[in-house]
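Q: Take this structure, written in structure tokens, and hold onto it; I'll ask about it next.
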Amino acid sequence: MGFVRVLSVPDWRAGNSYQQLLADALKSQGIETIFSPGYRRGLPLFRMCRDLQPDLIHLHWPEAFLGSSTSDAYRTWRFPIDLALCCRRIPLVYTSHNLRPHNSKSSWHISRVYQSIVRSAGVVIAHSRGAGEAVVAEFPDAATKIHVIPHGDLSSTLPAAMSRQASRDALQLSETPVCLMFGAVEPYKGIEDVLKFWNHYKPGIRLVIAGRVSDESYETSLRSLAAGNPSIDLRFGWLSDAELRQWLSAADVVLFNYRTILTSGAACLARSLGIPIVLPSRLTTVDLGEPHSHVIRFQSSDEKLTAALEAALKVGVNWDSAALWREQTSWSNVAQLTAKAYHVARASFGNV
């Protein structure tokens with residue numbers, strides 16, 4: 001393929017190690033990943049490409065370029081034009097992390113944007129076969145473009161593990177088993193339903209929700225639901241890598257209850273660490289290397305969730321159990337597959 005310069009957009013490395021880990025791994029494939037700092041007004045993507053002269057664009061999260069309110073809705077309307085100007089001379093690879101922005105309401109404006117991205121892309125990357133099928137069901141133009149590439153292993157970015165007892169002592173936790181929900185605290189994660197379950201069924205496990213809440217009204221709602229239940233521990237605030245590692249070292253089980261999602265970097269991280277994971281059966285797009293003893297699905301938030309939590313506690317944390325998973329999701333493997341996807345995109349564009 002020769003030396004290739006890839007523009008990775010948007011630059012969201014500050015809050016997510018995914019892009020930097022991928023960029024570092026791609027160096028071994030003879031690929032340089034470049035980033036454009038800040039947001040440029042007007043036609044931001046076109047201006048980035050004009051100034052940086054990449055051989056290929058790798059788009060990850062389109063929502064960075066879209067309007068978030070009525071006052072800047074023109075950004076959403078304008079983005080397909082911006083993208084089309086770039087794709088007249090530069091091939092596009094699109095990683096479909098989500099079908100649409102989290103917590104957004106479905107609208108024809110948003111659908112128009114994502115449809116234009118899929119049509120313009122030479123390759124559409126999905127992190128699982130189920131995710132690829134969901135993308136094609138939503139955007140049929142992706143049918144011949146899907147490349148399934150696993151989400152890379154994020155555990156390598158964290159500090160060394162602490163012992164369970166040391167981490168629990170530092171976090172002032174009792175010996176009661178801990179079920180952890182971690183990461184950004186947002187409505188699409190179904191946290192309210194989990195709080196209602198804990199209040200009603202009282203599973204005898206300490207529920208810890210650790211992460212930053214960006215919306216004050218949502219935080220108020222969660223605090224109201226958790227009030228008066230000593231088994232619910234709300235630890236709101238930004239988690240550094242060291243703090244996240246501390247919580248993951250203390251956890252006996254991690255729980256995810258996304259309403260809908262294509263892939264979960266948090267679930268992939270927990271899987272790499274050998275922590276038992278409990279999540280809904282409906283999330284068929286989240287591939288965690290199943291069947292596996294450390295991945296336990298539940299049908300609904302009732303006694304079945306209680307049984308799933310109890311089963312996870314019996315399994316226990318086991319680093320060695322995730323050895324094959326870490327190998328399959330290694331960044332060297334991800335980089336090789338991504339480089340092949342870049343080659344296909346450039347070949348289909350007629351620019352090899």
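Here, A, B, ... name the chains of the structure tokens in the order displayed, residue numbers run from 1 inside each chain, and ligands are numbered from 1 in the same displayed order.
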Taking a cut-off of 12 Å and counting only C-alpha atoms, can you build a table that, for each residue of region 97-154 of chain A near region 51-66 of chain A, reports the nearest atom pair and how far apart they are in Å (one decimal), sorted by chain then residue number, as a tab-separated table?
A:
```
residue	atom	partner	partner_atom	distance
A:His97	CA	A:His60	CA	6.9
A:Asn98	CA	A:Trp61	CA	8.0
A:Leu99	CA	A:Trp61	CA	10.1
A:Arg100	CA	A:Glu63	CA	8.0
A:Pro101	CA	A:Glu63	CA	6.0
A:His102	CA	A:Glu63	CA	9.1
A:Asn103	CA	A:Glu63	CA	11.5
A:Ser104	CA	A:Glu63	CA	10.0
A:His109	CA	A:Leu66	CA	10.1
A:Ile110	CA	A:Leu66	CA	8.6
A:Ser111	CA	A:Pro62	CA	11.8
A:Arg112	CA	A:Leu66	CA	11.8
A:Val113	CA	A:Pro62	CA	8.5
A:Tyr114	CA	A:Pro62	CA	8.1
A:Gln115	CA	A:Pro62	CA	11.6
A:Ser116	CA	A:Pro62	CA	11.1
A:Ile117	CA	A:Pro62	CA	8.7
A:Val118	CA	A:Leu59	CA	10.7
A:Ser120	CA	A:Ile57	CA	11.0
A:Ala121	CA	A:Leu59	CA	9.3
A:Gly122	CA	A:Leu56	CA	10.3
A:Val123	CA	A:His58	CA	9.7
A:Val124	CA	A:Leu59	CA	9.7
A:Ile125	CA	A:His60	CA	9.5
A:Ala126	CA	A:His60	CA	10.9
```
Q: Would you please extract all strand (DSSP E or B) residues from region 82-217 of chain A, as assigned by DSSP on the backbone, and give them as a PDB file with N, CA and C atoms, in the first residue's frame?
A:
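File produced: part_37.pdb:
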```pdb
ATOM      1  N   LEU A  92     -12.788   7.764   1.863  1.00  0.00           N
ATOM      2  CA  LEU A  92     -13.306   7.842   3.229  1.00  0.00           C
ATOM      3  C   LEU A  92     -13.504   6.443   3.794  1.00  0.00           C
ATOM      4  N   VAL A  93     -13.049   6.250   5.038  1.00  0.00           N
ATOM      5  CA  VAL A  93     -13.377   5.070   5.840  1.00  0.00           C
ATOM      6  C   VAL A  93     -14.157   5.555   7.044  1.00  0.00           C
ATOM      7  N   TYR A  94     -15.253   4.900   7.321  1.00  0.00           N
ATOM      8  CA  TYR A  94     -16.127   5.317   8.421  1.00  0.00           C
ATOM      9  C   TYR A  94     -16.267   4.176   9.426  1.00  0.00           C
ATOM     10  N   THR A  95     -15.917   4.425  10.673  1.00  0.00           N
ATOM     11  CA  THR A  95     -16.176   3.453  11.733  1.00  0.00           C
ATOM     12  C   THR A  95     -17.505   3.801  12.379  1.00  0.00           C
ATOM     13  N   VAL A 123     -15.320   2.097   2.775  1.00  0.00           N
ATOM     14  CA  VAL A 123     -15.398   1.023   3.760  1.00  0.00           C
ATOM     15  C   VAL A 123     -16.138   1.538   4.980  1.00  0.00           C
ATOM     16  N   VAL A 124     -17.003   0.688   5.538  1.00  0.00           N
ATOM     17  CA  VAL A 124     -17.672   0.986   6.803  1.00  0.00           C
ATOM     18  C   VAL A 124     -17.239  -0.082   7.802  1.00  0.00           C
ATOM     19  N   ILE A 125     -16.590   0.346   8.876  1.00  0.00           N
ATOM     20  CA  ILE A 125     -16.095  -0.587   9.886  1.00  0.00           C
ATOM     21  C   ILE A 125     -17.131  -0.745  10.993  1.00  0.00           C
ATOM     22  N   ALA A 126     -17.406  -1.992  11.351  1.00  0.00           N
ATOM     23  CA  ALA A 126     -18.259  -2.311  12.498  1.00  0.00           C
ATOM     24  C   ALA A 126     -17.455  -3.187  13.441  1.00  0.00           C
ATOM     25  N   ILE A 146     -19.111  -3.331   4.530  1.00  0.00           N
ATOM     26  CA  ILE A 146     -18.836  -3.641   5.932  1.00  0.00           C
ATOM     27  C   ILE A 146     -17.556  -4.455   6.096  1.00  0.00           C
ATOM     28  N   HIS A 147     -16.705  -4.007   6.990  1.00  0.00           N
ATOM     29  CA  HIS A 147     -15.551  -4.764   7.456  1.00  0.00           C
ATOM     30  C   HIS A 147     -15.693  -4.899   8.967  1.00  0.00           C
ATOM     31  N   VAL A 148     -15.696  -6.128   9.467  1.00  0.00           N
ATOM     32  CA  VAL A 148     -15.814  -6.351  10.911  1.00  0.00           C
ATOM     33  C   VAL A 148     -14.412  -6.364  11.520  1.00  0.00           C
ATOM     34  N   VAL A 178     -19.624  -5.884  45.291  1.00  0.00           N
ATOM     35  CA  VAL A 178     -19.839  -4.635  44.555  1.00  0.00           C
ATOM     36  C   VAL A 178     -20.179  -4.920  43.101  1.00  0.00           C
ATOM     37  N   CYS A 179     -21.303  -4.358  42.658  1.00  0.00           N
ATOM     38  CA  CYS A 179     -21.681  -4.344  41.247  1.00  0.00           C
ATOM     39  C   CYS A 179     -21.418  -2.930  40.727  1.00  0.00           C
ATOM     40  N   LEU A 180     -20.571  -2.809  39.729  1.00  0.00           N
ATOM     41  CA  LEU A 180     -20.129  -1.503  39.239  1.00  0.00           C
ATOM     42  C   LEU A 180     -20.734  -1.171  37.879  1.00  0.00           C
ATOM     43  N   MET A 181     -21.258   0.057  37.769  1.00  0.00           N
ATOM     44  CA  MET A 181     -21.589   0.652  36.478  1.00  0.00           C
ATOM     45  C   MET A 181     -20.675   1.863  36.336  1.00  0.00           C
ATOM     46  N   PHE A 182     -19.827   1.893  35.311  1.00  0.00           N
ATOM     47  CA  PHE A 182     -18.818   2.944  35.225  1.00  0.00           C
ATOM     48  C   PHE A 182     -18.845   3.624  33.863  1.00  0.00           C
ATOM     49  N   VAL A 185     -22.151   9.005  32.732  1.00  0.00           N
ATOM     50  CA  VAL A 185     -23.492   8.687  33.240  1.00  0.00           C
ATOM     51  C   VAL A 185     -24.504   9.427  32.379  1.00  0.00           C
ATOM     52  N   ARG A 206     -23.964  -4.269  46.676  1.00  0.00           N
ATOM     53  CA  ARG A 206     -23.788  -2.817  46.634  1.00  0.00           C
ATOM     54  C   ARG A 206     -23.656  -2.362  45.186  1.00  0.00           C
ATOM     55  N   LEU A 207     -24.550  -1.493  44.752  1.00  0.00           N
ATOM     56  CA  LEU A 207     -24.495  -0.937  43.404  1.00  0.00           C
ATOM     57  C   LEU A 207     -23.725   0.378  43.443  1.00  0.00           C
ATOM     58  N   VAL A 208     -22.643   0.433  42.689  1.00  0.00           N
ATOM     59  CA  VAL A 208     -21.847   1.656  42.590  1.00  0.00           C
ATOM     60  C   VAL A 208     -21.956   2.192  41.169  1.00  0.00           C
ATOM     61  N   ILE A 209     -22.355   3.440  41.040  1.00  0.00           N
ATOM     62  CA  ILE A 209     -22.384   4.114  39.745  1.00  0.00           C
ATOM     63  C   ILE A 209     -21.316   5.185  39.786  1.00  0.00           C
ATOM     64  N   ALA A 210     -20.249   4.986  39.018  1.00  0.00           N
ATOM     65  CA  ALA A 210     -19.087   5.865  39.068  1.00  0.00           C
ATOM     66  C   ALA A 210     -18.831   6.482  37.703  1.00  0.00           C
ATOM     67  N   GLY A 211     -18.861   7.805  37.650  1.00  0.00           N
ATOM     68  CA  GLY A 211     -18.598   8.492  36.394  1.00  0.00           C
ATOM     69  C   GLY A 211     -19.156   9.902  36.408  1.00  0.00           C
ATOM     70  N   VAL A 213     -21.466  13.015  35.295  1.00  0.00           N
ATOM     71  CA  VAL A 213     -22.804  13.333  34.789  1.00  0.00           C
ATOM     72  C   VAL A 213     -22.736  14.711  34.140  1.00  0.00           C
TER      73      VAL A 213
END
```
Q: Using only C-alpha atoms, determine which residues lie at most 9 Å from Phe349 (chain A), disregarding the query and same-chain residues fewer than 3 positions distant; provide the list as a ChimeraX atom specification.
A: /A:89-92,122,344-346,352
Q: CA of Cys268 (chain A) and CA of Gly15 (chain A), how far apart in Å?
A: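 Spanning CA of Gly15 (chain A) to CA of Cys268 (chain A) is a straight-line distance of 16.6 Å.
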Q: Within 7 Å of region 252-260 of chain A, counting only C-alpha atoms, which residues qualify if same-chain residues fewer than 2 places away don't, as a list in words?
A: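 Counting only the stated atoms, we get Pro177, Val178, Cys179, Leu180, Met181, Tyr188, Lys189, Gly190, Ile191, Ala250, Ile275, Pro276, Ile277, Val278, Leu279, Pro280, Leu283, Ala312, Leu313, Gly316 and Val317 of chain A.
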Q: Restricting the calculation to only C-alpha atoms, which member of A:Asn229, A:Ser155, A:Ser28, A:Gln20 is positioned closest to Gly204 (chain A)?
A: A:Asn229
Q: Nearest to Ala251 (chain A) among A:His200, A:Lys145, A:Arg271, A:Arg168, with distances taken over only C-alpha atoms: which residue is it?
A: A:Arg168
Q: Taking only C-alpha atoms into account, name the residue in A:Met162, A:Leu43, A:Cys87, A:Ile205 that is nearest to Thr306 (chain A).
A: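 Using only C-alpha atoms, Thr306 (chain A) sits closest to A:Ile205.
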Q: Could you tell me how far CA of Ala266 (chain A) lies from CA of Ala143 (chain A), in Å and to one decimal?
A: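 Atom-to-atom, CA of Ala266 (chain A) and CA of Ala143 (chain A) are spaced 27.4 Å apart.
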Q: With only C-alpha atoms as the atoms that count, which of A:Leu273, A:Leu154, A:Ala307, A:Ala142 lies nearest to Tyr201 (chain A)?
A: A:Ala307
